[in-house]
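Participant: Take this structure, written in structure tokens, and hold onto it; I'll ask about it next.
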Amino acid sequence: MAIKLYELCGRDPGQLFSPHCWKVRLALRHKGLDFETVPVPFTKIPDVEGGASKTIPVIRDGDKVVADSFKIAEYLDETYPTAPTLFGGEGGRQLSRFVESWSQRVIHPALAKMLILDIHDILSDTDQAYFRQSREKAIGKPLETIVEGREAHVEAFLKSLEPLRGLLGSRSFIGGETPLFADFIVYGLFQWARVASAFSILPKADPVAEWFERCLDLYEAEGRKVPAAA
């Protein structure tokens with residue numbers, strides 16, 4: 001029986017944009033596991049698996065329900081040990097935790113600041129109302145104000161990627177010659193930007209952009225199955 005993967009979607013059920021869900025989608029493809037996607041808008045997350053989690057991704061594998069992208073990756077590696085590894089051992093798992101922590105503190109907030117209004121605009125009317133109210137309450141500003149002058153933030157964002165750029169200058173993936181979950185963690189954030197917004201961030205000649213293109217081509221171009229925002 002195929003694993004069921006609950007993924008966040010926009011107004012269009014095929015517009016799957018969550019960075020955390022993309023981590024899991026590529027992890028499933030990396031492991032060679034059969035899965036089916038269940039698109040879920042923001043306001044329907046409480047209905048997933050009887051309220052199993054306040055956030056998605058969530059997977060159901062037989063009678064097992066697992067939430068949280070990192071916990072899902074750990075579950076997949078433990079449950080399917082003969083399939084290609086996501087971590088390459090305990091050291092790789094701990095390094096992936098570092099990559100997750102770094103990306104959530106550096107890449108995620110910077111992208112969110114630049115893309116938050118575009119994310120709002122791809123949602124259904126009901127989700128737009130929820131998204132605007134919750135984000136404006138948390139940040140204390142209208143969405144339109146948050147993205148004002150976003151072009152001026154791109155240079156600083158690109159500079160913040162220098163540690164990643166330096167690493168990718170000597171290898172094809174963060175994991176080496178083949179990708180690991182650490183790649184999927186960072187990839188998910190740039191896929192989030194690609195699917196949710198047409199705002200240009202990465203120059204084509206940037207090593208990070210070249211790495212991202214390699215990730216999009218993985219597993220029969222899984223990442224390109226969802227088109228970039230127009």
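Ligands are numbered from 1 in the order shown, residues from 1 within each chain, and chains are lettered A, B, ... in the order they appear in the structure tokens.
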Show me, as a list in words, the residues that have an atom within 10 Å of A:Gly14 when counting only C-alpha atoms, minus same-chain residues fewer than 2 positions from it.
Facilitator: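 The residues satisfying every condition are Glu7, Leu8, Cys9, Gly10, Arg11, Asp12, Leu16, Phe17, Thr37, Val38, Pro39, Lys225, Val226 and Pro227 of chain A.
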Participant: Write the residues you've just listed into a file as a PDB file, in the first residue's frame, and include N, CA, C and O atoms for each of them.
Facilitator:
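So again.pdb came out as:
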ATOM      1  N   GLU A   7       0.253  17.198   1.835  1.00  0.00           N
ATOM      2  CA  GLU A   7       1.081  18.333   1.434  1.00  0.00           C
ATOM      3  C   GLU A   7       0.256  19.614   1.361  1.00  0.00           C
ATOM      4  O   GLU A   7      -0.896  19.605   0.930  1.00  0.00           O
ATOM      5  N   LEU A   8       0.877  20.717   1.739  1.00  0.00           N
ATOM      6  CA  LEU A   8       0.225  22.017   1.702  1.00  0.00           C
ATOM      7  C   LEU A   8       0.066  22.491   0.264  1.00  0.00           C
ATOM      8  O   LEU A   8       0.998  22.414  -0.542  1.00  0.00           O
ATOM      9  N   CYS A   9      -1.126  22.997  -0.055  1.00  0.00           N
ATOM     10  CA  CYS A   9      -1.384  23.476  -1.414  1.00  0.00           C
ATOM     11  C   CYS A   9      -1.977  24.874  -1.403  1.00  0.00           C
ATOM     12  O   CYS A   9      -2.495  25.347  -0.387  1.00  0.00           O
ATOM     13  N   GLY A  10      -1.915  25.515  -2.554  1.00  0.00           N
ATOM     14  CA  GLY A  10      -2.529  26.817  -2.734  1.00  0.00           C
ATOM     15  C   GLY A  10      -3.956  26.674  -3.234  1.00  0.00           C
ATOM     16  O   GLY A  10      -4.592  25.635  -3.067  1.00  0.00           O
ATOM     17  N   ARG A  11      -4.453  27.727  -3.860  1.00  0.00           N
ATOM     18  CA  ARG A  11      -5.792  27.694  -4.446  1.00  0.00           C
ATOM     19  C   ARG A  11      -5.915  26.549  -5.441  1.00  0.00           C
ATOM     20  O   ARG A  11      -6.920  25.855  -5.512  1.00  0.00           O
ATOM     21  N   ASP A  12      -4.869  26.350  -6.200  1.00  0.00           N
ATOM     22  CA  ASP A  12      -4.759  25.223  -7.122  1.00  0.00           C
ATOM     23  C   ASP A  12      -4.205  24.031  -6.345  1.00  0.00           C
ATOM     24  O   ASP A  12      -3.102  24.107  -5.808  1.00  0.00           O
ATOM     25  N   LEU A  16       1.801  22.783  -4.963  1.00  0.00           N
ATOM     26  CA  LEU A  16       2.328  22.289  -3.694  1.00  0.00           C
ATOM     27  C   LEU A  16       3.589  23.083  -3.363  1.00  0.00           C
ATOM     28  O   LEU A  16       4.601  22.954  -4.047  1.00  0.00           O
ATOM     29  N   PHE A  17       3.530  23.897  -2.322  1.00  0.00           N
ATOM     30  CA  PHE A  17       4.605  24.876  -2.135  1.00  0.00           C
ATOM     31  C   PHE A  17       5.332  24.806  -0.795  1.00  0.00           C
ATOM     32  O   PHE A  17       6.328  25.506  -0.603  1.00  0.00           O
ATOM     33  N   THR A  37       0.038  11.737  -2.988  1.00  0.00           N
ATOM     34  CA  THR A  37      -0.098  13.058  -2.389  1.00  0.00           C
ATOM     35  C   THR A  37      -1.559  13.379  -2.092  1.00  0.00           C
ATOM     36  O   THR A  37      -2.439  13.118  -2.902  1.00  0.00           O
ATOM     37  N   VAL A  38      -1.778  13.959  -0.928  1.00  0.00           N
ATOM     38  CA  VAL A  38      -3.096  14.480  -0.565  1.00  0.00           C
ATOM     39  C   VAL A  38      -2.931  15.983  -0.359  1.00  0.00           C
ATOM     40  O   VAL A  38      -2.367  16.417   0.649  1.00  0.00           O
ATOM     41  N   PRO A  39      -3.383  16.815  -1.308  1.00  0.00           N
ATOM     42  CA  PRO A  39      -3.243  18.267  -1.153  1.00  0.00           C
ATOM     43  C   PRO A  39      -4.141  18.785  -0.027  1.00  0.00           C
ATOM     44  O   PRO A  39      -5.316  18.399   0.063  1.00  0.00           O
ATOM     45  N   LYS A 225       7.852  18.771 -11.568  1.00  0.00           N
ATOM     46  CA  LYS A 225       6.467  18.348 -11.797  1.00  0.00           C
ATOM     47  C   LYS A 225       5.475  19.407 -11.353  1.00  0.00           C
ATOM     48  O   LYS A 225       4.333  19.434 -11.811  1.00  0.00           O
ATOM     49  N   VAL A 226       5.908  20.263 -10.428  1.00  0.00           N
ATOM     50  CA  VAL A 226       5.104  21.421 -10.048  1.00  0.00           C
ATOM     51  C   VAL A 226       5.769  22.632 -10.692  1.00  0.00           C
ATOM     52  O   VAL A 226       6.931  22.932 -10.404  1.00  0.00           O
ATOM     53  N   PRO A 227       5.065  23.336 -11.588  1.00  0.00           N
ATOM     54  CA  PRO A 227       5.696  24.429 -12.328  1.00  0.00           C
ATOM     55  C   PRO A 227       6.054  25.619 -11.444  1.00  0.00           C
ATOM     56  O   PRO A 227       5.459  25.843 -10.398  1.00  0.00           O
TER      57      PRO A 227
END
Participant: Can I get the residues of stretch 167-191 of chain A within 12 Å of stretch 102-111 of chain A, each with the closest pair of atoms and their distance in Å to one decimal, using only C-alpha atoms, sorted chain first then ascending number, as a Markdown table?
Facilitator:
| residue | atom | partner | partner_atom | distance |
| --- | --- | --- | --- | --- |
| A:Ala182 | CA | A:Ser103 | CA | 10.1 |
| A:Asp183 | CA | A:Ser103 | CA | 10.9 |
| A:Phe184 | CA | A:Ser103 | CA | 11.2 |
| A:Ile185 | CA | A:Ser103 | CA | 7.8 |
| A:Val186 | CA | A:Ser103 | CA | 6.5 |
| A:Tyr187 | CA | A:Ser103 | CA | 10.1 |
| A:Gly188 | CA | A:His108 | CA | 10.0 |
| A:Leu189 | CA | A:His108 | CA | 6.7 |
| A:Phe190 | CA | A:Leu111 | CA | 8.6 |
| A:Gln191 | CA | A:Leu111 | CA | 11.1 |
Participant: Determine the nearest neighbour of A:Trp211 from the options A:Pro84, A:Gly169, A:Gly62, A:Gly32, counting only C-alpha atoms.
Facilitator: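 Residue with the minimum atom-to-atom distance to A:Trp211: A:Gly169.
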Participant: When you draw a straight line from atom CA of A:Asp127 to atom CA of A:Leu5, how long is it in Å?
Facilitator: 20.3 Å
Participant: Name all residues at most 10 Å from A:Phe157 (count only C-alpha atoms; drop same-chain ones fewer than 2 positions away) and give them as a list in words.
Facilitator: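 Using only C-alpha atoms, the neighbours found are Val106, Ile107, Ala110, Leu111, Ala152, His153, Val154, Glu155, Lys159, Ser160, Leu161, Glu162, Ile201 and Leu202 of chain A.
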Participant: State, in Å with one decimal place, the distance from atom CA of A:Ala198 to atom CA of A:His30.
Facilitator: 27.7 Å
Participant: List the neighbours of A:Val24 out to 8 Å using only C-alpha atoms; skip same-chain residues closer than 5 positions along the sequence, and give me the result as a list in words.
Facilitator: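 The contact residues come out as Pro57, Ser69, Ile72, Ala73 and Phe184 of chain A.
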Participant: Contacts of A:Ala2 at 9 Å or less, counting only C-alpha atoms, minus same-chain residues fewer than 2 places along, as a PyMOL selection string?
Facilitator: chain A and resi 4+33-36+60-62
Participant: Once you have the residues from the selection above, write them out as a short mmCIF file (atom, residue, chain, number, x, y, z; two decimals), in the first residue's frame, restricted to all heavy atoms.
Facilitator:
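Output (part09.cif):
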data_model
loop_
_atom_site.label_atom_id
_atom_site.label_comp_id
_atom_site.auth_asym_id
_atom_site.auth_seq_id
_atom_site.Cartn_x
_atom_site.Cartn_y
_atom_site.Cartn_z
N LYS A 4 0.81 7.59 2.27
CA LYS A 4 0.00 8.78 2.01
C LYS A 4 0.75 10.00 2.55
O LYS A 4 1.13 10.04 3.73
CB LYS A 4 -1.36 8.65 2.68
CG LYS A 4 -2.37 9.72 2.31
CD LYS A 4 -3.73 9.45 2.96
CE LYS A 4 -4.41 8.25 2.34
NZ LYS A 4 -5.79 8.09 2.87
N LEU A 33 10.29 4.81 -2.45
CA LEU A 33 9.04 4.34 -1.87
C LEU A 33 7.84 4.87 -2.65
O LEU A 33 7.83 6.02 -3.11
CB LEU A 33 8.94 4.79 -0.41
CG LEU A 33 10.05 4.24 0.51
CD1 LEU A 33 9.99 4.92 1.87
CD2 LEU A 33 9.91 2.73 0.66
N ASP A 34 6.83 4.05 -2.75
CA ASP A 34 5.60 4.44 -3.44
C ASP A 34 4.77 5.32 -2.52
O ASP A 34 4.57 4.99 -1.34
CB ASP A 34 4.82 3.17 -3.82
CG ASP A 34 3.63 3.47 -4.71
OD1 ASP A 34 3.63 4.52 -5.38
OD2 ASP A 34 2.68 2.65 -4.72
N PHE A 35 4.30 6.44 -3.04
CA PHE A 35 3.48 7.33 -2.21
C PHE A 35 2.46 8.06 -3.06
O PHE A 35 2.60 8.19 -4.27
CB PHE A 35 4.36 8.34 -1.45
CG PHE A 35 5.00 9.40 -2.30
CD1 PHE A 35 4.43 10.66 -2.44
CD2 PHE A 35 6.20 9.15 -2.96
CE1 PHE A 35 5.02 11.63 -3.22
CE2 PHE A 35 6.81 10.13 -3.73
CZ PHE A 35 6.22 11.37 -3.87
N GLU A 36 1.42 8.54 -2.39
CA GLU A 36 0.41 9.36 -3.04
C GLU A 36 0.25 10.66 -2.26
O GLU A 36 0.36 10.69 -1.04
CB GLU A 36 -0.92 8.64 -3.12
CG GLU A 36 -1.51 8.24 -1.77
CD GLU A 36 -2.87 7.58 -1.91
OE1 GLU A 36 -3.83 8.28 -2.28
OE2 GLU A 36 -2.96 6.37 -1.62
N ARG A 60 0.99 8.86 6.38
CA ARG A 60 0.42 7.62 6.90
C ARG A 60 1.07 6.48 6.14
O ARG A 60 0.97 6.41 4.91
CB ARG A 60 -1.10 7.57 6.75
CG ARG A 60 -1.67 6.18 7.08
CD ARG A 60 -3.17 6.12 7.09
NE ARG A 60 -3.72 6.68 8.31
CZ ARG A 60 -3.79 6.03 9.49
NH1 ARG A 60 -3.28 4.82 9.59
NH2 ARG A 60 -4.33 6.59 10.53
N ASP A 61 1.69 5.60 6.88
CA ASP A 61 2.33 4.41 6.32
C ASP A 61 1.70 3.20 6.99
O ASP A 61 2.08 2.84 8.10
CB ASP A 61 3.84 4.45 6.56
CG ASP A 61 4.57 3.29 5.89
OD1 ASP A 61 3.97 2.64 5.02
OD2 ASP A 61 5.75 3.05 6.25
N GLY A 62 0.70 2.61 6.33
CA GLY A 62 -0.06 1.53 6.96
C GLY A 62 -0.81 2.07 8.16
O GLY A 62 -1.61 3.00 8.03
#
Participant: Taking only C-alpha atoms into account, which of A:Gly51, A:Pro46, A:Gly89, A:Pro203 comes nearest A:Leu158?
Facilitator: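 Of the candidates, the smallest distance to A:Leu158 is held by A:Pro203.
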Participant: Just give me the gap between atom CA of A:Asp68 and atom CA of A:Arg224 in Å, one decimal is fine.
Facilitator: 23.6 Å
Participant: Smallest atom-to-atom distance to A:Ser96: which of A:Leu76, A:Leu143, A:Leu180, A:Leu28, using only C-alpha atoms?
Facilitator: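 Closest candidate: A:Leu180.
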Participant: Mind checking DSSP for stretch 6-230 of chain A and telling me the strand (DSSP E or B) residues as a PDB file with all heavy atoms, in the first residue's frame?
Facilitator:
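This is the output file selection_32.pdb:
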ATOM      1  N   TYR A   6       0.509  14.013   3.094  1.00  0.00           N
ATOM      2  CA  TYR A   6      -0.327  15.213   3.132  1.00  0.00           C
ATOM      3  C   TYR A   6       0.572  16.429   2.903  1.00  0.00           C
ATOM      4  O   TYR A   6       1.517  16.667   3.660  1.00  0.00           O
ATOM      5  CB  TYR A   6      -1.026  15.328   4.484  1.00  0.00           C
ATOM      6  CG  TYR A   6      -2.031  14.228   4.741  1.00  0.00           C
ATOM      7  CD1 TYR A   6      -1.655  13.054   5.397  1.00  0.00           C
ATOM      8  CD2 TYR A   6      -3.357  14.365   4.328  1.00  0.00           C
ATOM      9  CE1 TYR A   6      -2.575  12.043   5.640  1.00  0.00           C
ATOM     10  CE2 TYR A   6      -4.289  13.357   4.574  1.00  0.00           C
ATOM     11  CZ  TYR A   6      -3.892  12.205   5.225  1.00  0.00           C
ATOM     12  OH  TYR A   6      -4.802  11.198   5.468  1.00  0.00           O
ATOM     13  N   GLU A   7       0.253  17.198   1.835  1.00  0.00           N
ATOM     14  CA  GLU A   7       1.081  18.333   1.434  1.00  0.00           C
ATOM     15  C   GLU A   7       0.256  19.614   1.361  1.00  0.00           C
ATOM     16  O   GLU A   7      -0.896  19.605   0.930  1.00  0.00           O
ATOM     17  CB  GLU A   7       1.712  18.074   0.067  1.00  0.00           C
ATOM     18  CG  GLU A   7       2.676  16.909   0.037  1.00  0.00           C
ATOM     19  CD  GLU A   7       3.498  16.911  -1.236  1.00  0.00           C
ATOM     20  OE1 GLU A   7       4.347  17.798  -1.395  1.00  0.00           O
ATOM     21  OE2 GLU A   7       3.261  16.024  -2.073  1.00  0.00           O
ATOM     22  N   LEU A   8       0.877  20.717   1.739  1.00  0.00           N
ATOM     23  CA  LEU A   8       0.225  22.017   1.702  1.00  0.00           C
ATOM     24  C   LEU A   8       0.066  22.491   0.264  1.00  0.00           C
ATOM     25  O   LEU A   8       0.998  22.414  -0.542  1.00  0.00           O
ATOM     26  CB  LEU A   8       1.055  23.023   2.491  1.00  0.00           C
ATOM     27  CG  LEU A   8       0.421  24.385   2.779  1.00  0.00           C
ATOM     28  CD1 LEU A   8      -0.806  24.228   3.667  1.00  0.00           C
ATOM     29  CD2 LEU A   8       1.447  25.293   3.464  1.00  0.00           C
ATOM     30  N   CYS A   9      -1.126  22.997  -0.055  1.00  0.00           N
ATOM     31  CA  CYS A   9      -1.384  23.476  -1.414  1.00  0.00           C
ATOM     32  C   CYS A   9      -1.977  24.874  -1.403  1.00  0.00           C
ATOM     33  O   CYS A   9      -2.495  25.347  -0.387  1.00  0.00           O
ATOM     34  CB  CYS A   9      -2.329  22.519  -2.154  1.00  0.00           C
ATOM     35  SG  CYS A   9      -4.035  22.523  -1.538  1.00  0.00           S
ATOM     36  N   LEU A  16       1.801  22.783  -4.963  1.00  0.00           N
ATOM     37  CA  LEU A  16       2.328  22.289  -3.694  1.00  0.00           C
ATOM     38  C   LEU A  16       3.589  23.083  -3.363  1.00  0.00           C
ATOM     39  O   LEU A  16       4.601  22.954  -4.047  1.00  0.00           O
ATOM     40  CB  LEU A  16       2.625  20.797  -3.805  1.00  0.00           C
ATOM     41  CG  LEU A  16       1.429  19.938  -4.253  1.00  0.00           C
ATOM     42  CD1 LEU A  16       1.884  18.547  -4.655  1.00  0.00           C
ATOM     43  CD2 LEU A  16       0.375  19.871  -3.150  1.00  0.00           C
ATOM     44  N   PHE A  35       4.305   6.445  -3.040  1.00  0.00           N
ATOM     45  CA  PHE A  35       3.484   7.331  -2.208  1.00  0.00           C
ATOM     46  C   PHE A  35       2.464   8.063  -3.056  1.00  0.00           C
ATOM     47  O   PHE A  35       2.601   8.185  -4.271  1.00  0.00           O
ATOM     48  CB  PHE A  35       4.356   8.337  -1.445  1.00  0.00           C
ATOM     49  CG  PHE A  35       5.001   9.402  -2.298  1.00  0.00           C
ATOM     50  CD1 PHE A  35       4.430  10.657  -2.438  1.00  0.00           C
ATOM     51  CD2 PHE A  35       6.201   9.148  -2.956  1.00  0.00           C
ATOM     52  CE1 PHE A  35       5.021  11.634  -3.221  1.00  0.00           C
ATOM     53  CE2 PHE A  35       6.809  10.125  -3.733  1.00  0.00           C
ATOM     54  CZ  PHE A  35       6.222  11.367  -3.868  1.00  0.00           C
ATOM     55  N   GLU A  36       1.425   8.542  -2.388  1.00  0.00           N
ATOM     56  CA  GLU A  36       0.412   9.362  -3.043  1.00  0.00           C
ATOM     57  C   GLU A  36       0.254  10.662  -2.265  1.00  0.00           C
ATOM     58  O   GLU A  36       0.361  10.694  -1.044  1.00  0.00           O
ATOM     59  CB  GLU A  36      -0.922   8.636  -3.121  1.00  0.00           C
ATOM     60  CG  GLU A  36      -1.512   8.240  -1.773  1.00  0.00           C
ATOM     61  CD  GLU A  36      -2.872   7.580  -1.908  1.00  0.00           C
ATOM     62  OE1 GLU A  36      -3.825   8.284  -2.281  1.00  0.00           O
ATOM     63  OE2 GLU A  36      -2.960   6.374  -1.625  1.00  0.00           O
ATOM     64  N   THR A  37       0.038  11.737  -2.988  1.00  0.00           N
ATOM     65  CA  THR A  37      -0.098  13.058  -2.389  1.00  0.00           C
ATOM     66  C   THR A  37      -1.559  13.379  -2.092  1.00  0.00           C
ATOM     67  O   THR A  37      -2.439  13.118  -2.902  1.00  0.00           O
ATOM     68  CB  THR A  37       0.466  14.130  -3.339  1.00  0.00           C
ATOM     69  OG1 THR A  37       1.889  14.039  -3.355  1.00  0.00           O
ATOM     70  CG2 THR A  37       0.081  15.531  -2.900  1.00  0.00           C
ATOM     71  N   VAL A  38      -1.778  13.959  -0.928  1.00  0.00           N
ATOM     72  CA  VAL A  38      -3.096  14.480  -0.565  1.00  0.00           C
ATOM     73  C   VAL A  38      -2.931  15.983  -0.359  1.00  0.00           C
ATOM     74  O   VAL A  38      -2.367  16.417   0.649  1.00  0.00           O
ATOM     75  CB  VAL A  38      -3.637  13.828   0.717  1.00  0.00           C
ATOM     76  CG1 VAL A  38      -5.031  14.377   1.043  1.00  0.00           C
ATOM     77  CG2 VAL A  38      -3.675  12.313   0.591  1.00  0.00           C
ATOM     78  N   PRO A  39      -3.383  16.815  -1.308  1.00  0.00           N
ATOM     79  CA  PRO A  39      -3.243  18.267  -1.153  1.00  0.00           C
ATOM     80  C   PRO A  39      -4.141  18.785  -0.027  1.00  0.00           C
ATOM     81  O   PRO A  39      -5.316  18.399   0.063  1.00  0.00           O
ATOM     82  CB  PRO A  39      -3.691  18.817  -2.509  1.00  0.00           C
ATOM     83  CG  PRO A  39      -3.673  17.648  -3.446  1.00  0.00           C
ATOM     84  CD  PRO A  39      -3.980  16.458  -2.599  1.00  0.00           C
ATOM     85  N   VAL A  40      -3.586  19.659   0.802  1.00  0.00           N
ATOM     86  CA  VAL A  40      -4.331  20.186   1.953  1.00  0.00           C
ATOM     87  C   VAL A  40      -4.118  21.695   2.041  1.00  0.00           C
ATOM     88  O   VAL A  40      -2.970  22.148   2.131  1.00  0.00           O
ATOM     89  CB  VAL A  40      -3.849  19.536   3.268  1.00  0.00           C
ATOM     90  CG1 VAL A  40      -4.655  20.067   4.450  1.00  0.00           C
ATOM     91  CG2 VAL A  40      -3.937  18.015   3.207  1.00  0.00           C
ATOM     92  N   VAL A  58       2.473  15.438   6.987  1.00  0.00           N
ATOM     93  CA  VAL A  58       2.113  14.258   7.772  1.00  0.00           C
ATOM     94  C   VAL A  58       2.094  13.099   6.794  1.00  0.00           C
ATOM     95  O   VAL A  58       1.656  13.258   5.651  1.00  0.00           O
ATOM     96  CB  VAL A  58       0.726  14.423   8.434  1.00  0.00           C
ATOM     97  CG1 VAL A  58       0.253  13.107   9.045  1.00  0.00           C
ATOM     98  CG2 VAL A  58       0.758  15.528   9.490  1.00  0.00           C
ATOM     99  N   ILE A  59       2.592  11.947   7.235  1.00  0.00           N
ATOM    100  CA  ILE A  59       2.461  10.754   6.397  1.00  0.00           C
ATOM    101  C   ILE A  59       1.673   9.691   7.139  1.00  0.00           C
ATOM    102  O   ILE A  59       1.680   9.639   8.373  1.00  0.00           O
ATOM    103  CB  ILE A  59       3.824  10.169   5.954  1.00  0.00           C
ATOM    104  CG1 ILE A  59       4.623   9.635   7.150  1.00  0.00           C
ATOM    105  CG2 ILE A  59       4.628  11.177   5.154  1.00  0.00           C
ATOM    106  CD1 ILE A  59       5.793   8.734   6.754  1.00  0.00           C
ATOM    107  N   ARG A  60       0.990   8.863   6.380  1.00  0.00           N
ATOM    108  CA  ARG A  60       0.420   7.624   6.901  1.00  0.00           C
ATOM    109  C   ARG A  60       1.067   6.482   6.137  1.00  0.00           C
ATOM    110  O   ARG A  60       0.970   6.409   4.913  1.00  0.00           O
ATOM    111  CB  ARG A  60      -1.101   7.575   6.746  1.00  0.00           C
ATOM    112  CG  ARG A  60      -1.666   6.180   7.083  1.00  0.00           C
ATOM    113  CD  ARG A  60      -3.168   6.120   7.088  1.00  0.00           C
ATOM    114  NE  ARG A  60      -3.723   6.681   8.307  1.00  0.00           N
ATOM    115  CZ  ARG A  60      -3.785   6.029   9.486  1.00  0.00           C
ATOM    116  NH1 ARG A  60      -3.277   4.817   9.594  1.00  0.00           N
ATOM    117  NH2 ARG A  60      -4.326   6.593  10.532  1.00  0.00           N
ATOM    118  N   ASP A  61       1.694   5.597   6.879  1.00  0.00           N
ATOM    119  CA  ASP A  61       2.327   4.412   6.316  1.00  0.00           C
ATOM    120  C   ASP A  61       1.698   3.203   6.990  1.00  0.00           C
ATOM    121  O   ASP A  61       2.081   2.835   8.103  1.00  0.00           O
ATOM    122  CB  ASP A  61       3.840   4.450   6.564  1.00  0.00           C
ATOM    123  CG  ASP A  61       4.573   3.290   5.894  1.00  0.00           C
ATOM    124  OD1 ASP A  61       3.975   2.640   5.023  1.00  0.00           O
ATOM    125  OD2 ASP A  61       5.745   3.046   6.250  1.00  0.00           O
ATOM    126  N   LYS A  64       0.697   3.503  10.717  1.00  0.00           N
ATOM    127  CA  LYS A  64       1.580   4.457  11.384  1.00  0.00           C
ATOM    128  C   LYS A  64       1.402   5.854  10.805  1.00  0.00           C
ATOM    129  O   LYS A  64       1.468   6.050   9.592  1.00  0.00           O
ATOM    130  CB  LYS A  64       3.041   4.014  11.193  1.00  0.00           C
ATOM    131  CG  LYS A  64       4.059   4.877  11.902  1.00  0.00           C
ATOM    132  CD  LYS A  64       4.052   4.652  13.388  1.00  0.00           C
ATOM    133  CE  LYS A  64       5.208   5.378  14.068  1.00  0.00           C
ATOM    134  NZ  LYS A  64       5.207   5.190  15.537  1.00  0.00           N
ATOM    135  N   VAL A  65       1.159   6.832  11.679  1.00  0.00           N
ATOM    136  CA  VAL A  65       1.047   8.236  11.281  1.00  0.00           C
ATOM    137  C   VAL A  65       2.223   8.997  11.898  1.00  0.00           C
ATOM    138  O   VAL A  65       2.472   8.899  13.103  1.00  0.00           O
ATOM    139  CB  VAL A  65      -0.285   8.846  11.744  1.00  0.00           C
ATOM    140  CG1 VAL A  65      -0.333  10.352  11.439  1.00  0.00           C
ATOM    141  CG2 VAL A  65      -1.459   8.138  11.070  1.00  0.00           C
ATOM    142  N   VAL A  66       2.953   9.733  11.053  1.00  0.00           N
ATOM    143  CA  VAL A  66       4.120  10.474  11.521  1.00  0.00           C
ATOM    144  C   VAL A  66       4.022  11.911  11.023  1.00  0.00           C
ATOM    145  O   VAL A  66       3.727  12.151   9.846  1.00  0.00           O
ATOM    146  CB  VAL A  66       5.440   9.854  11.017  1.00  0.00           C
ATOM    147  CG1 VAL A  66       6.640  10.549  11.662  1.00  0.00           C
ATOM    148  CG2 VAL A  66       5.482   8.353  11.289  1.00  0.00           C
ATOM    149  N   ALA A  67       4.274  12.866  11.909  1.00  0.00           N
ATOM    150  CA  ALA A  67       4.282  14.287  11.559  1.00  0.00           C
ATOM    151  C   ALA A  67       5.684  14.857  11.778  1.00  0.00           C
ATOM    152  O   ALA A  67       6.501  14.259  12.487  1.00  0.00           O
ATOM    153  CB  ALA A  67       3.265  15.038  12.406  1.00  0.00           C
ATOM    154  N   PHE A 173      26.637  17.966  -4.322  1.00  0.00           N
ATOM    155  CA  PHE A 173      25.547  18.103  -3.356  1.00  0.00           C
ATOM    156  C   PHE A 173      26.120  18.329  -1.966  1.00  0.00           C
ATOM    157  O   PHE A 173      27.305  18.062  -1.716  1.00  0.00           O
ATOM    158  CB  PHE A 173      24.669  16.844  -3.359  1.00  0.00           C
ATOM    159  CG  PHE A 173      23.977  16.587  -4.670  1.00  0.00           C
ATOM    160  CD1 PHE A 173      24.501  15.674  -5.573  1.00  0.00           C
ATOM    161  CD2 PHE A 173      22.817  17.272  -5.003  1.00  0.00           C
ATOM    162  CE1 PHE A 173      23.877  15.440  -6.789  1.00  0.00           C
ATOM    163  CE2 PHE A 173      22.193  17.041  -6.219  1.00  0.00           C
ATOM    164  CZ  PHE A 173      22.724  16.128  -7.113  1.00  0.00           C
ATOM    165  N   GLY A 176      27.649  15.288  -0.798  1.00  0.00           N
ATOM    166  CA  GLY A 176      28.794  14.785  -1.553  1.00  0.00           C
ATOM    167  C   GLY A 176      28.447  14.612  -3.012  1.00  0.00           C
ATOM    168  O   GLY A 176      27.844  15.494  -3.631  1.00  0.00           O
TER     169      GLY A 176
END
Participant: Can you work out which one of A:Ser53, A:Thr145, A:Ser197, A:Ser18 has the shortest atom-to-atom distance to A:Ala228, counting only C-alpha atoms?
Facilitator: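 Using only C-alpha atoms, the shortest distance to A:Ala228 belongs to A:Ser197.
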Participant: For the alpha helix (DSSP H) assignment from backbone DSSP, which residues of stretch 40-189 of chain A qualify? Please present them as a PyMOL selection string.
Facilitator: chain A and resi 69-79+90-121+125-139+143-146+154-160+162-168+181-189
Participant: Name the residues in contact with A:Glu177 at a cut-off of 12 Å, using only C-alpha atoms, excluding same-chain residues fewer than 5 positions from it; report them as a PyMOL selection string.
Facilitator: chain A and resi 168+170-172+183+211+214
Participant: Can I get the selected residues back with N, CA, C and O atoms, as an mmCIF file, in the first residue's frame?
Facilitator:
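File produced: out-v1.cif:
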data_model
loop_
_atom_site.group_PDB
_atom_site.id
_atom_site.type_symbol
_atom_site.label_atom_id
_atom_site.label_comp_id
_atom_site.auth_asym_id
_atom_site.auth_seq_id
_atom_site.Cartn_x
_atom_site.Cartn_y
_atom_site.Cartn_z
ATOM 1 N N LEU A 168 29.512 24.047 -1.886
ATOM 2 C CA LEU A 168 29.086 23.503 -3.174
ATOM 3 C C LEU A 168 30.110 23.741 -4.277
ATOM 4 O O LEU A 168 29.990 23.153 -5.354
ATOM 5 N N SER A 170 32.984 22.598 -4.259
ATOM 6 C CA SER A 170 33.850 21.429 -4.343
ATOM 7 C C SER A 170 33.095 20.110 -4.413
ATOM 8 O O SER A 170 33.695 19.045 -4.356
ATOM 9 N N ARG A 171 31.764 20.172 -4.546
ATOM 10 C CA ARG A 171 30.976 18.943 -4.594
ATOM 11 C C ARG A 171 29.659 19.210 -5.305
ATOM 12 O O ARG A 171 29.232 20.353 -5.436
ATOM 13 N N SER A 172 29.017 18.140 -5.729
ATOM 14 C CA SER A 172 27.754 18.287 -6.455
ATOM 15 C C SER A 172 26.585 18.563 -5.520
ATOM 16 O O SER A 172 25.648 19.288 -5.868
ATOM 17 N N ASP A 183 20.511 17.991 1.851
ATOM 18 C CA ASP A 183 20.205 18.689 0.599
ATOM 19 C C ASP A 183 18.725 19.022 0.517
ATOM 20 O O ASP A 183 18.346 20.132 0.122
ATOM 21 N N TRP A 211 23.329 24.195 -8.059
ATOM 22 C CA TRP A 211 22.980 23.069 -7.184
ATOM 23 C C TRP A 211 21.462 22.858 -7.162
ATOM 24 O O TRP A 211 20.982 21.721 -7.241
ATOM 25 N N ARG A 214 20.295 21.084 -10.159
ATOM 26 C CA ARG A 214 20.590 19.650 -10.064
ATOM 27 C C ARG A 214 19.558 18.950 -9.192
ATOM 28 O O ARG A 214 19.123 17.831 -9.500
#
